[in-house]
file coords27.cif (mmCIF, C-alpha atoms)
data_start
#
loop_
_atom_site.group_PDB
_atom_site.id
_atom_site.type_symbol
_atom_site.label_atom_id
_atom_site.label_comp_id
_atom_site.auth_asym_id
_atom_site.auth_seq_id
_atom_site.Cartn_x
_atom_site.Cartn_y
_atom_site.Cartn_z
ATOM 1 C CA MET A 568 174.147 99.155 84.858
ATOM 2 C CA GLN A 569 171.347 101.619 84.348
ATOM 3 C CA GLN A 570 168.363 100.495 82.343
ATOM 4 C CA GLU A 571 168.254 101.864 78.821
ATOM 5 C CA ARG A 572 165.144 102.572 76.779
ATOM 6 C CA PRO A 573 165.861 102.082 73.069
ATOM 7 C CA GLN A 574 165.057 104.891 70.705
ATOM 8 C CA GLN A 575 161.617 104.694 69.161
ATOM 9 C CA GLU A 576 160.446 106.095 65.863
ATOM 10 C CA SER A 577 156.839 106.261 64.699
ATOM 11 C CA ILE A 578 156.271 105.061 61.143
ATOM 12 C CA PHE A 579 152.723 106.329 60.812
ATOM 13 C CA GLN A 580 151.802 109.341 58.706
ATOM 14 C CA GLN A 581 148.197 109.648 59.858
ATOM 15 C CA ALA A 582 146.452 109.366 63.191
ATOM 16 C CA PRO A 583 145.677 105.697 63.964
ATOM 17 C CA SER A 584 142.355 104.484 65.308
ATOM 18 C CA PRO A 585 141.920 104.454 69.116
ATOM 19 C CA GLU A 586 142.497 100.692 69.229
ATOM 20 C CA ARG A 587 145.605 100.909 67.096
ATOM 21 C CA GLN A 588 146.852 103.865 69.117
ATOM 22 C CA LYS A 589 146.456 101.789 72.265
ATOM 23 C CA ARG A 590 148.459 98.938 70.758
ATOM 24 C CA LEU A 591 151.178 101.324 69.647
ATOM 25 C CA GLU A 592 151.390 102.747 73.138
ATOM 26 C CA MET A 593 151.668 99.233 74.559
ATOM 27 C CA ALA A 594 154.464 98.428 72.120
ATOM 28 C CA LYS A 595 156.323 101.534 73.320
ATOM 29 C CA GLU A 596 155.636 101.011 77.019
ATOM 30 C CA PHE A 597 156.690 97.368 77.102
ATOM 31 C CA PHE A 598 159.956 97.680 75.195
ATOM 32 C CA HIS A 599 163.149 98.017 77.201
ATOM 33 C CA LYS A 600 166.787 97.097 76.985
ATOM 34 C CA GLU A 601 169.096 96.180 79.849
ATOM 35 C CA SER A 602 172.800 95.429 79.623
ATOM 36 C CA PHE A 603 174.815 93.367 82.091
ATOM 37 C CA GLN A 604 177.807 91.046 82.289
ATOM 38 C CA LEU A 605 178.245 87.445 83.370
ATOM 39 C CA ASN A 606 181.783 86.099 83.633
ATOM 40 C CA ALA A 607 182.965 89.174 81.689
ATOM 41 C CA LYS A 608 180.562 88.339 78.847
ATOM 42 C CA ASN A 609 178.246 91.110 77.626
ATOM 43 C CA PHE A 610 174.514 90.462 77.546
ATOM 44 C CA GLU A 611 171.819 92.618 75.978
ATOM 45 C CA LEU A 612 168.367 91.791 77.338
ATOM 46 C CA TYR A 613 165.380 93.100 75.388
ATOM 47 C CA GLY A 614 161.981 93.077 77.028
ATOM 48 C CA VAL A 615 159.265 93.174 74.383
ATOM 49 C CA TRP A 616 155.539 92.997 73.746
ATOM 50 C CA HIS A 617 155.114 90.036 71.362
ATOM 51 C CA LYS A 618 152.919 91.898 68.892
ATOM 52 C CA PRO A 619 153.170 93.173 65.291
ATOM 53 C CA GLU A 620 153.315 96.754 66.550
ATOM 54 C CA THR A 621 156.594 95.992 68.316
ATOM 55 C CA ILE A 622 158.095 94.903 65.021
ATOM 56 C CA GLU A 623 156.772 98.018 63.297
ATOM 57 C CA LEU A 624 158.110 100.428 65.900
ATOM 58 C CA HIS A 625 161.341 98.723 66.932
ATOM 59 C CA HIS A 626 162.457 96.674 63.933
ATOM 60 C CA GLN A 627 165.619 98.719 63.409
ATOM 61 C CA GLU A 628 166.708 98.314 67.032
ATOM 62 C CA LEU A 629 166.055 94.564 66.952
ATOM 63 C CA GLU A 630 167.733 94.057 63.580
ATOM 64 C CA THR A 631 170.823 95.977 64.710
ATOM 65 C CA ALA A 632 171.017 94.017 67.970
ATOM 66 C CA ILE A 633 170.797 90.672 66.178
ATOM 67 C CA LYS A 634 173.373 91.749 63.598
ATOM 68 C CA ARG A 635 175.994 92.466 66.273
ATOM 69 C CA ALA A 636 175.051 89.450 68.433
ATOM 70 C CA GLY A 637 177.221 86.415 68.892
ATOM 71 C CA ALA A 638 174.112 84.360 69.678
ATOM 72 C CA VAL A 639 170.417 85.028 70.252
ATOM 73 C CA VAL A 640 168.326 83.587 73.105
ATOM 74 C CA VAL A 641 164.585 83.455 72.410
ATOM 75 C CA GLU A 642 161.470 82.691 74.426
ATOM 76 C CA ILE A 643 160.082 80.350 71.782
ATOM 77 C CA GLY A 644 161.410 78.787 68.609
ATOM 78 C CA PRO A 645 163.310 79.137 66.431
ATOM 79 C CA ASP A 646 161.164 76.563 64.598
ATOM 80 C CA VAL A 647 157.503 76.927 65.587
ATOM 81 C CA ILE A 648 155.979 74.774 62.822
ATOM 82 C CA ALA A 649 155.080 71.912 65.167
ATOM 83 C CA LEU A 650 153.507 74.275 67.675
ATOM 84 C CA ARG A 651 151.550 76.064 64.977
ATOM 85 C CA SER A 652 150.230 72.709 63.771
ATOM 86 C CA ALA A 653 149.117 71.823 67.293
ATOM 87 C CA LEU A 654 147.450 75.201 67.666
ATOM 88 C CA GLU A 655 145.402 74.678 64.508
ATOM 89 C CA GLY A 656 143.927 71.508 66.006
ATOM 90 C CA ALA A 657 143.260 72.961 69.441
ATOM 91 C CA ASP A 658 139.722 73.579 70.640
ATOM 92 C CA LEU A 659 140.229 77.291 71.250
ATOM 93 C CA ASN A 660 138.217 80.314 70.229
ATOM 94 C CA GLU A 661 139.457 82.480 67.385
ATOM 95 C CA GLU A 662 140.442 85.334 69.689
ATOM 96 C CA ALA A 663 142.758 83.052 71.643
ATOM 97 C CA LYS A 664 144.213 81.526 68.486
ATOM 98 C CA ASN A 665 144.852 84.958 67.015
ATOM 99 C CA GLU A 666 146.601 86.078 70.188
ATOM 100 C CA ILE A 667 148.870 83.043 70.211
ATOM 101 C CA ASN A 668 149.501 83.361 66.472
ATOM 102 C CA GLU A 669 150.772 86.894 67.057
ATOM 103 C CA PHE A 670 153.177 85.402 69.599
ATOM 104 C CA PHE A 671 154.308 82.849 66.986
ATOM 105 C CA HIS A 672 154.675 85.516 64.315
ATOM 106 C CA PHE A 673 156.862 87.709 66.495
ATOM 107 C CA TYR A 674 159.399 84.962 67.192
ATOM 108 C CA GLU A 675 159.304 83.720 63.602
ATOM 109 C CA TYR A 676 160.355 87.244 62.668
ATOM 110 C CA ILE A 677 163.182 87.214 65.233
ATOM 111 C CA SER A 678 164.358 83.794 64.060
ATOM 112 C CA THR A 679 164.285 84.890 60.418
ATOM 113 C CA LEU A 680 166.473 87.884 61.263
ATOM 114 C CA ALA A 681 168.894 85.643 63.151
ATOM 115 C CA GLY A 682 168.978 83.082 60.357
ATOM 116 C CA ALA A 683 169.674 85.731 57.734
ATOM 117 C CA GLN A 684 172.705 86.807 59.797
ATOM 118 C CA ASN A 685 173.797 83.181 60.307
ATOM 119 C CA LYS A 686 173.434 83.475 64.086
ATOM 120 C CA LEU A 687 173.065 80.657 66.566
ATOM 121 C CA VAL A 688 169.675 80.663 68.286
ATOM 122 C CA ILE A 689 169.231 79.235 71.780
ATOM 123 C CA ASN A 690 166.015 78.263 73.515
ATOM 124 C CA ALA A 691 166.233 77.439 77.211
ATOM 125 C CA ASP A 692 162.649 77.995 78.312
ATOM 126 C CA PRO A 693 161.557 75.016 80.453
ATOM 127 C CA SER A 694 158.018 75.167 79.092
ATOM 128 C CA GLU A 695 159.329 74.292 75.635
ATOM 129 C CA GLY A 696 160.653 70.888 74.631
ATOM 130 C CA GLU A 697 159.053 67.467 75.012
ATOM 131 C CA GLY A 698 157.293 68.156 78.306
ATOM 132 C CA GLY A 699 155.663 71.341 77.103
ATOM 133 C CA GLU A 700 154.784 69.925 73.703
ATOM 134 C CA LYS A 701 153.111 66.884 75.287
ATOM 135 C CA PHE A 702 151.001 69.150 77.484
ATOM 136 C CA PHE A 703 149.919 71.169 74.474
ATOM 137 C CA ARG A 704 149.134 68.103 72.357
ATOM 138 C CA ASP A 705 147.125 66.540 75.178
ATOM 139 C CA ILE A 706 145.030 69.680 75.448
ATOM 140 C CA ALA A 707 144.522 69.862 71.688
ATOM 141 C CA ALA A 708 143.568 66.184 71.340
ATOM 142 C CA SER A 709 141.465 65.542 74.431
ATOM 143 C CA ASN A 710 137.711 65.843 74.606
ATOM 144 C CA GLU A 711 136.426 68.619 76.866
ATOM 145 C CA LYS A 712 134.621 66.055 79.038
ATOM 146 C CA ASP A 713 137.621 63.805 79.570
ATOM 147 C CA GLU A 714 139.001 63.706 83.096
ATOM 148 C CA GLN A 715 142.523 64.038 81.716
ATOM 149 C CA VAL A 716 141.878 67.331 79.976
ATOM 150 C CA GLN A 717 140.066 68.661 83.040
ATOM 151 C CA ASN A 718 143.120 67.871 85.145
ATOM 152 C CA ILE A 719 145.367 69.561 82.606
ATOM 153 C CA LYS A 720 143.134 72.625 82.543
ATOM 154 C CA ASN A 721 143.203 72.731 86.341
ATOM 155 C CA LEU A 722 146.973 72.888 86.116
ATOM 156 C CA ILE A 723 146.747 75.560 83.456
ATOM 157 C CA SER A 724 144.520 77.736 85.600
ATOM 158 C CA ALA A 725 146.741 77.208 88.626
ATOM 159 C CA GLY A 726 150.048 78.179 87.067
ATOM 160 C CA LEU A 727 151.531 75.100 85.416
ATOM 161 C CA PRO A 728 150.896 75.536 81.701
ATOM 162 C CA ILE A 729 153.384 75.573 78.891
ATOM 163 C CA ALA A 730 154.459 79.006 77.730
ATOM 164 C CA LEU A 731 151.834 79.413 75.040
ATOM 165 C CA ILE A 732 148.893 78.541 77.242
ATOM 166 C CA ALA A 733 150.202 80.693 80.061
ATOM 167 C CA PHE A 734 150.633 83.573 77.643
ATOM 168 C CA GLY A 735 147.356 83.286 75.770
ATOM 169 C CA LEU A 736 144.798 81.727 78.063
ATOM 170 C CA ARG A 737 145.820 81.753 81.698
ATOM 171 C CA LYS A 738 143.596 84.632 82.767
ATOM 172 C CA LYS A 739 140.478 83.380 80.987
ATOM 173 C CA ILE A 740 140.760 79.817 82.219
ATOM 174 C CA GLY A 741 141.761 81.001 85.670
ATOM 175 C CA GLU A 742 138.612 83.079 85.904
ATOM 176 C CA LEU A 743 136.542 80.093 84.817
ATOM 177 C CA MET A 744 138.077 77.853 87.462
ATOM 178 C CA ARG A 745 137.548 80.418 90.203
ATOM 179 C CA GLU A 746 133.862 80.436 89.350
ATOM 180 C CA LYS A 747 133.699 76.689 89.876
ATOM 181 C CA ILE A 748 135.726 76.457 93.096
ATOM 182 C CA SER A 749 134.520 78.297 96.187
ATOM 183 C CA ARG A 750 137.139 80.227 98.135
ATOM 184 C CA ARG A 751 136.650 78.120 101.264
ATOM 185 C CA ALA A 752 136.939 74.859 99.350
ATOM 186 C CA PHE A 753 139.923 76.171 97.445
ATOM 187 C CA ILE A 754 141.899 77.223 100.502
ATOM 188 C CA GLY A 755 140.891 74.110 102.416
ATOM 189 C CA GLY A 756 141.982 71.901 99.562
ATOM 190 C CA MET A 757 145.229 73.782 99.252
ATOM 191 C CA LEU A 758 146.115 73.356 102.913
ATOM 192 C CA GLY A 759 145.051 69.730 102.871
ATOM 193 C CA THR A 760 147.225 68.759 99.923
ATOM 194 C CA MET A 761 150.355 70.859 100.354
ATOM 195 C CA ALA A 762 152.101 68.148 102.336
ATOM 196 C CA SER A 763 151.857 65.712 99.440
ATOM 197 C CA GLY A 764 154.294 67.763 97.363
ATOM 198 C CA SER A 765 152.275 67.071 94.232
ATOM 199 C CA ILE A 766 152.337 69.322 91.211
ATOM 200 C CA VAL A 767 148.650 70.051 91.614
ATOM 201 C CA SER A 768 149.028 71.268 95.179
ATOM 202 C CA LEU A 769 152.014 73.427 94.299
ATOM 203 C CA SER A 770 150.044 74.911 91.437
ATOM 204 C CA LYS A 771 147.153 75.717 93.724
ATOM 205 C CA VAL A 772 149.505 77.494 96.088
ATOM 206 C CA ALA A 773 150.786 79.575 93.184
ATOM 207 C CA ASP A 774 147.269 80.441 92.089
ATOM 208 C CA TYR A 775 146.317 81.387 95.641
ATOM 209 C CA PHE A 776 149.303 83.730 95.902
ATOM 210 C CA ASP A 777 148.441 85.261 92.543
ATOM 211 C CA LYS A 778 144.964 86.125 93.776
ATOM 212 C CA GLN A 779 146.421 87.932 96.773
ATOM 213 C CA THR A 780 148.694 90.155 94.713
ATOM 214 C CA ASP A 781 146.485 91.327 91.851
ATOM 215 C CA LYS A 782 148.282 91.579 88.503
ATOM 216 C CA PHE A 783 152.051 91.370 88.721
ATOM 217 C CA VAL A 784 154.416 92.563 86.043
ATOM 218 C CA GLY A 785 157.845 91.428 87.111
ATOM 219 C CA ARG A 786 159.700 90.116 90.107
ATOM 220 C CA LYS A 787 160.536 93.518 91.538
ATOM 221 C CA ASP A 788 156.907 94.647 91.172
ATOM 222 C CA ASN A 789 155.429 91.725 93.089
ATOM 223 C CA PRO A 790 155.039 92.194 96.873
ATOM 224 C CA LEU A 791 155.826 88.501 97.383
ATOM 225 C CA GLY A 792 159.319 89.037 96.015
ATOM 226 C CA GLN A 793 161.408 85.917 96.590
ATOM 227 C CA PHE A 794 158.304 83.976 97.602
ATOM 228 C CA LEU A 795 156.723 84.306 94.195
ATOM 229 C CA TYR A 796 156.119 80.679 93.330
ATOM 230 C CA ASN A 797 154.598 79.841 89.978
ATOM 231 C CA LEU A 798 155.494 78.828 86.472
ATOM 232 C CA GLN A 799 156.628 82.272 85.369
ATOM 233 C CA ASP A 800 159.039 82.504 88.289
ATOM 234 C CA TYR A 801 160.280 78.987 87.542
ATOM 235 C CA ARG A 802 160.933 79.913 83.922
ATOM 236 C CA ASN A 803 162.710 83.102 84.983
ATOM 237 C CA LEU A 804 164.830 81.055 87.378
ATOM 238 C CA VAL A 805 165.865 78.358 84.891
ATOM 239 C CA VAL A 806 166.727 80.442 81.829
ATOM 240 C CA PRO A 807 169.648 82.221 83.600
ATOM 241 C CA GLU A 808 171.267 78.796 84.074
ATOM 242 C CA ALA A 809 171.614 78.694 80.308
ATOM 243 C CA LEU A 810 172.843 82.287 80.223
ATOM 244 C CA ASP A 811 175.543 81.386 82.741
ATOM 245 C CA ASP A 812 176.561 78.426 80.583
ATOM 246 C CA LEU A 813 176.728 80.577 77.454
ATOM 247 C CA SER A 814 178.806 83.219 79.241
ATOM 248 C CA LYS A 815 181.631 80.695 79.627
ATOM 249 C CA ARG A 816 181.802 79.803 75.937
ATOM 250 C CA GLU A 817 183.847 81.290 73.136
ATOM 251 C CA ILE A 818 181.083 83.316 71.524
ATOM 252 C CA LYS A 819 182.160 86.429 69.650
ATOM 253 C CA GLY A 820 179.928 89.397 70.275
ATOM 254 C CA PRO A 821 177.266 90.040 72.919
ATOM 255 C CA ILE A 822 174.575 87.505 73.692
ATOM 256 C CA VAL A 823 171.200 89.037 72.876
ATOM 257 C CA VAL A 824 168.190 87.822 74.868
ATOM 258 C CA ILE A 825 164.703 88.623 73.549
ATOM 259 C CA TYR A 826 161.876 87.855 75.983
ATOM 260 C CA GLY A 827 158.511 89.190 77.020
ATOM 261 C CA ASP A 828 158.956 92.375 79.029
ATOM 262 C CA THR A 829 157.196 90.803 82.026
ATOM 263 C CA HIS A 830 160.189 88.454 82.374
ATOM 264 C CA ARG A 831 162.893 91.088 82.037
ATOM 265 C CA SER A 832 163.548 92.209 85.617
ATOM 266 C CA ALA A 833 163.472 88.668 86.992
ATOM 267 C CA LEU A 834 165.751 87.251 84.300
ATOM 268 C CA LYS A 835 168.376 89.868 85.064
ATOM 269 C CA HIS A 836 167.977 89.464 88.827
ATOM 270 C CA TYR A 837 168.423 85.697 88.788
ATOM 271 C CA ALA A 838 171.248 85.898 86.244
ATOM 272 C CA LEU A 839 173.184 88.107 88.669
ATOM 273 C CA SER A 840 172.204 86.107 91.794
ATOM 274 C CA PRO A 841 173.669 82.593 91.413
ATOM 275 C CA LYS A 842 173.408 81.695 95.104
ATOM 276 C CA GLU A 843 169.740 82.644 95.320
ATOM 277 C CA ARG A 844 169.148 80.821 92.046
ATOM 278 C CA LYS A 845 170.727 77.628 93.355
ATOM 279 C CA LEU A 846 168.835 77.667 96.649
ATOM 280 C CA LYS A 847 165.478 78.484 95.135
ATOM 281 C CA ARG A 848 165.843 75.851 92.423
ATOM 282 C CA GLN A 849 165.539 73.216 95.133
ATOM 283 C CA THR A 850 161.991 74.341 95.862
ATOM 284 C CA TYR A 851 161.056 73.762 92.234
ATOM 285 C CA LEU A 852 162.041 70.089 92.016
ATOM 286 C CA PRO A 853 158.458 69.021 91.158
ATOM 287 C CA TYR A 854 158.516 71.399 88.199
ATOM 288 C CA ASP A 855 161.894 69.993 87.134
ATOM 289 C CA LYS A 856 160.446 66.494 87.186
ATOM 290 C CA VAL A 857 157.562 67.367 84.877
ATOM 291 C CA LEU A 858 159.264 69.772 82.463
ATOM 292 C CA SER A 859 162.875 68.475 82.490
ATOM 293 C CA PRO A 860 164.383 71.799 81.322
ATOM 294 C CA LYS A 861 167.029 71.775 78.625
ATOM 295 C CA MET A 862 169.054 74.295 76.698
ATOM 296 C CA ARG A 863 168.773 73.706 72.955
ATOM 297 C CA MET A 864 171.070 75.332 70.430
ATOM 298 C CA TYR A 865 170.205 75.678 66.737
ATOM 299 C CA LYS A 866 172.081 76.752 63.639
ATOM 300 C CA PRO A 867 170.394 78.043 60.484
ATOM 301 C CA ASP A 868 170.482 76.125 57.224
ATOM 302 C CA PHE A 869 169.376 77.215 53.774
ATOM 303 C CA GLY A 870 168.186 74.708 51.186
ATOM 304 C CA THR A 871 170.593 74.415 48.258
ATOM 305 C CA THR A 872 167.767 74.528 45.727
ATOM 306 C CA THR A 873 165.032 76.552 47.429
ATOM 307 C CA GLY A 874 167.142 78.716 49.723
ATOM 308 C CA GLN A 875 164.449 78.256 52.371
ATOM 309 C CA LEU A 876 165.515 78.753 55.988
ATOM 310 C CA SER A 877 165.426 75.757 58.313
ATOM 311 C CA TRP A 878 166.972 75.044 61.694
ATOM 312 C CA THR A 879 169.189 72.187 62.847
ATOM 313 C CA GLU A 880 169.543 71.384 66.528
ATOM 314 C CA ILE A 881 173.263 71.061 67.216
ATOM 315 C CA GLU A 882 173.262 70.743 70.996
ATOM 316 C CA ARG A 883 170.910 69.772 73.802
ATOM 317 C CA LYS A 884 171.910 70.039 77.440
ATOM 318 C CA ASN A 885 170.124 69.649 80.771
ATOM 319 C CA ILE A 886 169.981 72.853 82.791
#
call {"tool": "encode", "arguments": {"input": "coords27.cif", "output": "structure tokens"}}
result
Amino acid sequence: MQQERPQQESIFQQAPSPERQKRLEMAKEFFHKESFQLNAKNFELYGVWHKPETIELHHQELETAIKRAGAVVVEIGPDVIALRSALEGADLNEEAKNEINEFFHFYEYISTLAGAQNKLVINADPSEGEGGEKFFRDIAASNEKDEQVQNIKNLISAGLPIALIAFGLRKKIGELMREKISRRAFIGGMLGTMASGSIVSLSKVADYFDKQTDKFVGRKDNPLGQFLYNLQDYRNLVVPEALDDLSKREIKGPIVVIYGDTHRSALKHYALSPKERKLKRQTYLPYDKVLSPKMRMYKPDFGTTTGQLSWTEIERKNI
């Protein structure tokens, strides 16, 4: 089906500052909707910029989509309290924390909308769950000089972080690591360790490819195409397994997927390409071993006395 761009309506009565205008333009540019079917089930995939401006400009579209949804698939959440607690203890600068907090806030908003409509919320991102949380807690708790945290940060810079670190810090840490590792040593080390099949070597390969392709937006925009091999591609490959599972269930109404716009084209591609998905998954076995991806389904609950929204996990399944 043809890509649709949802209607957008400005809510501002006066000219915003240049910085705010830029953010508004980003919120418009990186907001798209695509519709497709799996096993005769309708899916609505929203690509978004996880920022407050997206909520301001597109809240009606998102609220309407969630209201008609049978279930909502999110990139993070629905309960981000534990992650927010870990973030508060992390040794990160305020700019990075603010950026990640905006990410948290966006999906808290989405989850609140879903909860108010009594919708099931599904998270199938492989960088969530126990594996991702352990990575994040290790980074938050370790001393900068510890060998363990240095190894973790090497993985972060090379393409094997959890979703939050990849989203908020990958570029900055990647630049730092490239200053410390000469190109010759980097390539030599990559070639020397590829045969081991270790996570570190695979991550270095991903980082090397990234440096050859400048900034990529989505699968179709990357000249490596099917050879794109990094955490983002792995996440885009795994999530459609959950979408396929959901398409075979008795869920009334379309399944609404809300993800960062940089994931949109790849999520749809892999969702509609089961054979490619199955074959390529075999090349990501080391990632499977570390992150052990699962689909988790939550239902909203409201306290009988406070009426406060909380979430109960009702299903967990390997994907």
call {"tool": "atom_distance", "arguments": {"input": "coords27.cif", "atom1": "atom CA of A:Thr679", "atom2": "atom CA of A:Arg590"}}
result
23.6 Å
call {"tool": "atom_distance", "arguments": {"input": "coords27.cif", "atom1": "atom CA of A:Ile648", "atom2": "atom CA of A:Ser678"}}
result
12.4 Å
call {"tool": "atom_distance", "arguments": {"input": "coords27.cif", "atom1": "atom CA of A:Phe671", "atom2": "atom CA of A:Met864"}}
result
18.7 Å
call {"tool": "resolve_selection", "arguments": {"input": "coords27.cif", "expression": "the PyMOL selection byres ((chain A and resi 603) around 10)", "output": "count of residues only"}}
result
16
call {"tool": "resolve_selection", "arguments": {"input": "coords27.cif", "expression": "the PyMOL selection byres ((chain A and resi 641) around 9)", "output": "number ranges by chain"}}
result
A: 639-640, 642-645, 674, 677-678, 688-692, 823-826
call {"tool": "write_last_selection", "arguments": {"input": "coords27.cif", "atoms": "C-alpha atoms", "output": "mmCIF file, in the frame of the given file"}}
result
data_model
loop_
_atom_site.group_PDB
_atom_site.id
_atom_site.type_symbol
_atom_site.label_atom_id
_atom_site.label_comp_id
_atom_site.auth_asym_id
_atom_site.auth_seq_id
_atom_site.Cartn_x
_atom_site.Cartn_y
_atom_site.Cartn_z
ATOM 1 C CA VAL A 639 170.417 85.028 70.252
ATOM 2 C CA VAL A 640 168.326 83.587 73.105
ATOM 3 C CA GLU A 642 161.470 82.691 74.426
ATOM 4 C CA ILE A 643 160.082 80.350 71.782
ATOM 5 C CA GLY A 644 161.410 78.787 68.609
ATOM 6 C CA PRO A 645 163.310 79.137 66.431
ATOM 7 C CA TYR A 674 159.399 84.962 67.192
ATOM 8 C CA ILE A 677 163.182 87.214 65.233
ATOM 9 C CA SER A 678 164.358 83.794 64.060
ATOM 10 C CA VAL A 688 169.675 80.663 68.286
ATOM 11 C CA ILE A 689 169.231 79.235 71.780
ATOM 12 C CA ASN A 690 166.015 78.263 73.515
ATOM 13 C CA ALA A 691 166.233 77.439 77.211
ATOM 14 C CA ASP A 692 162.649 77.995 78.312
ATOM 15 C CA VAL A 823 171.200 89.037 72.876
ATOM 16 C CA VAL A 824 168.190 87.822 74.868
ATOM 17 C CA ILE A 825 164.703 88.623 73.549
ATOM 18 C CA TYR A 826 161.876 87.855 75.983
#
call {"tool": "resolve_selection", "arguments": {"input": "coords27.cif", "expression": "the PyMOL selection byres ((chain A and resi 830) around 9)", "output": "list of chain:residue names"}}
result
A:Gly614, A:Val784, A:Gly785, A:Arg786, A:Gln799, A:Asp800, A:Arg802, A:Asn803, A:Tyr826, A:Gly827, A:Asp828, A:Thr829, A:Arg831, A:Ser832, A:Ala833, A:Leu834, A:Lys835
call {"tool": "write_last_selection", "arguments": {"input": "coords27.cif", "atoms": "C-alpha atoms", "output": "mmCIF file, in the coordinates of the input"}}
result
data_model
loop_
_atom_site.group_PDB
_atom_site.id
_atom_site.type_symbol
_atom_site.label_atom_id
_atom_site.label_comp_id
_atom_site.auth_asym_id
_atom_site.auth_seq_id
_atom_site.Cartn_x
_atom_site.Cartn_y
_atom_site.Cartn_z
ATOM 1 C CA GLY A 614 161.981 93.077 77.028
ATOM 2 C CA VAL A 784 154.416 92.563 86.043
ATOM 3 C CA GLY A 785 157.845 91.428 87.111
ATOM 4 C CA ARG A 786 159.700 90.116 90.107
ATOM 5 C CA GLN A 799 156.628 82.272 85.369
ATOM 6 C CA ASP A 800 159.039 82.504 88.289
ATOM 7 C CA ARG A 802 160.933 79.913 83.922
ATOM 8 C CA ASN A 803 162.710 83.102 84.983
ATOM 9 C CA TYR A 826 161.876 87.855 75.983
ATOM 10 C CA GLY A 827 158.511 89.190 77.020
ATOM 11 C CA ASP A 828 158.956 92.375 79.029
ATOM 12 C CA THR A 829 157.196 90.803 82.026
ATOM 13 C CA ARG A 831 162.893 91.088 82.037
ATOM 14 C CA SER A 832 163.548 92.209 85.617
ATOM 15 C CA ALA A 833 163.472 88.668 86.992
ATOM 16 C CA LEU A 834 165.751 87.251 84.300
ATOM 17 C CA LYS A 835 168.376 89.868 85.064
#
call {"tool": "build_atoms", "arguments": {"input": "coords27.cif", "residues": "stretch 811-823 of chain A", "atoms": "N, CA and C atoms", "output": "PDB file, in the coordinates of the input"}}
result
ATOM      1  N   ASP A 811     174.263  81.593  82.064  1.00  0.00           N
ATOM      2  CA  ASP A 811     175.543  81.386  82.741  1.00  0.00           C
ATOM      3  C   ASP A 811     176.421  80.438  81.935  1.00  0.00           C
ATOM      4  N   ASP A 812     175.825  79.376  81.414  1.00  0.00           N
ATOM      5  CA  ASP A 812     176.561  78.426  80.583  1.00  0.00           C
ATOM      6  C   ASP A 812     177.123  79.117  79.340  1.00  0.00           C
ATOM      7  N   LEU A 813     176.296  79.896  78.677  1.00  0.00           N
ATOM      8  CA  LEU A 813     176.728  80.577  77.454  1.00  0.00           C
ATOM      9  C   LEU A 813     177.831  81.594  77.726  1.00  0.00           C
ATOM     10  N   SER A 814     177.807  82.194  78.914  1.00  0.00           N
ATOM     11  CA  SER A 814     178.806  83.219  79.241  1.00  0.00           C
ATOM     12  C   SER A 814     180.212  82.648  79.330  1.00  0.00           C
ATOM     13  N   LYS A 815     180.330  81.341  79.482  1.00  0.00           N
ATOM     14  CA  LYS A 815     181.631  80.695  79.627  1.00  0.00           C
ATOM     15  C   LYS A 815     182.148  80.121  78.310  1.00  0.00           C
ATOM     16  N   ARG A 816     181.418  80.338  77.238  1.00  0.00           N
ATOM     17  CA  ARG A 816     181.802  79.803  75.937  1.00  0.00           C
ATOM     18  C   ARG A 816     182.483  80.878  75.083  1.00  0.00           C
ATOM     19  N   GLU A 817     183.175  80.380  74.069  1.00  0.00           N
ATOM     20  CA  GLU A 817     183.847  81.290  73.136  1.00  0.00           C
ATOM     21  C   GLU A 817     182.834  81.749  72.090  1.00  0.00           C
ATOM     22  N   ILE A 818     182.068  82.740  72.439  1.00  0.00           N
ATOM     23  CA  ILE A 818     181.083  83.316  71.524  1.00  0.00           C
ATOM     24  C   ILE A 818     181.487  84.758  71.259  1.00  0.00           C
ATOM     25  N   LYS A 819     181.733  85.076  70.014  1.00  0.00           N
ATOM     26  CA  LYS A 819     182.160  86.429  69.650  1.00  0.00           C
ATOM     27  C   LYS A 819     180.948  87.348  69.565  1.00  0.00           C
ATOM     28  N   GLY A 820     181.024  88.446  70.272  1.00  0.00           N
ATOM     29  CA  GLY A 820     179.928  89.397  70.275  1.00  0.00           C
ATOM     30  C   GLY A 820     179.014  89.181  71.462  1.00  0.00           C
ATOM     31  N   PRO A 821     178.176  90.157  71.777  1.00  0.00           N
ATOM     32  CA  PRO A 821     177.266  90.040  72.919  1.00  0.00           C
ATOM     33  C   PRO A 821     176.213  88.968  72.687  1.00  0.00           C
ATOM     34  N   ILE A 822     175.697  88.440  73.769  1.00  0.00           N
ATOM     35  CA  ILE A 822     174.575  87.505  73.692  1.00  0.00           C
ATOM     36  C   ILE A 822     173.298  88.312  73.868  1.00  0.00           C
ATOM     37  N   VAL A 823     172.444  88.271  72.876  1.00  0.00           N
ATOM     38  CA  VAL A 823     171.200  89.037  72.876  1.00  0.00           C
ATOM     39  C   VAL A 823     170.055  88.133  73.317  1.00  0.00           C
TER      40      VAL A 823
END
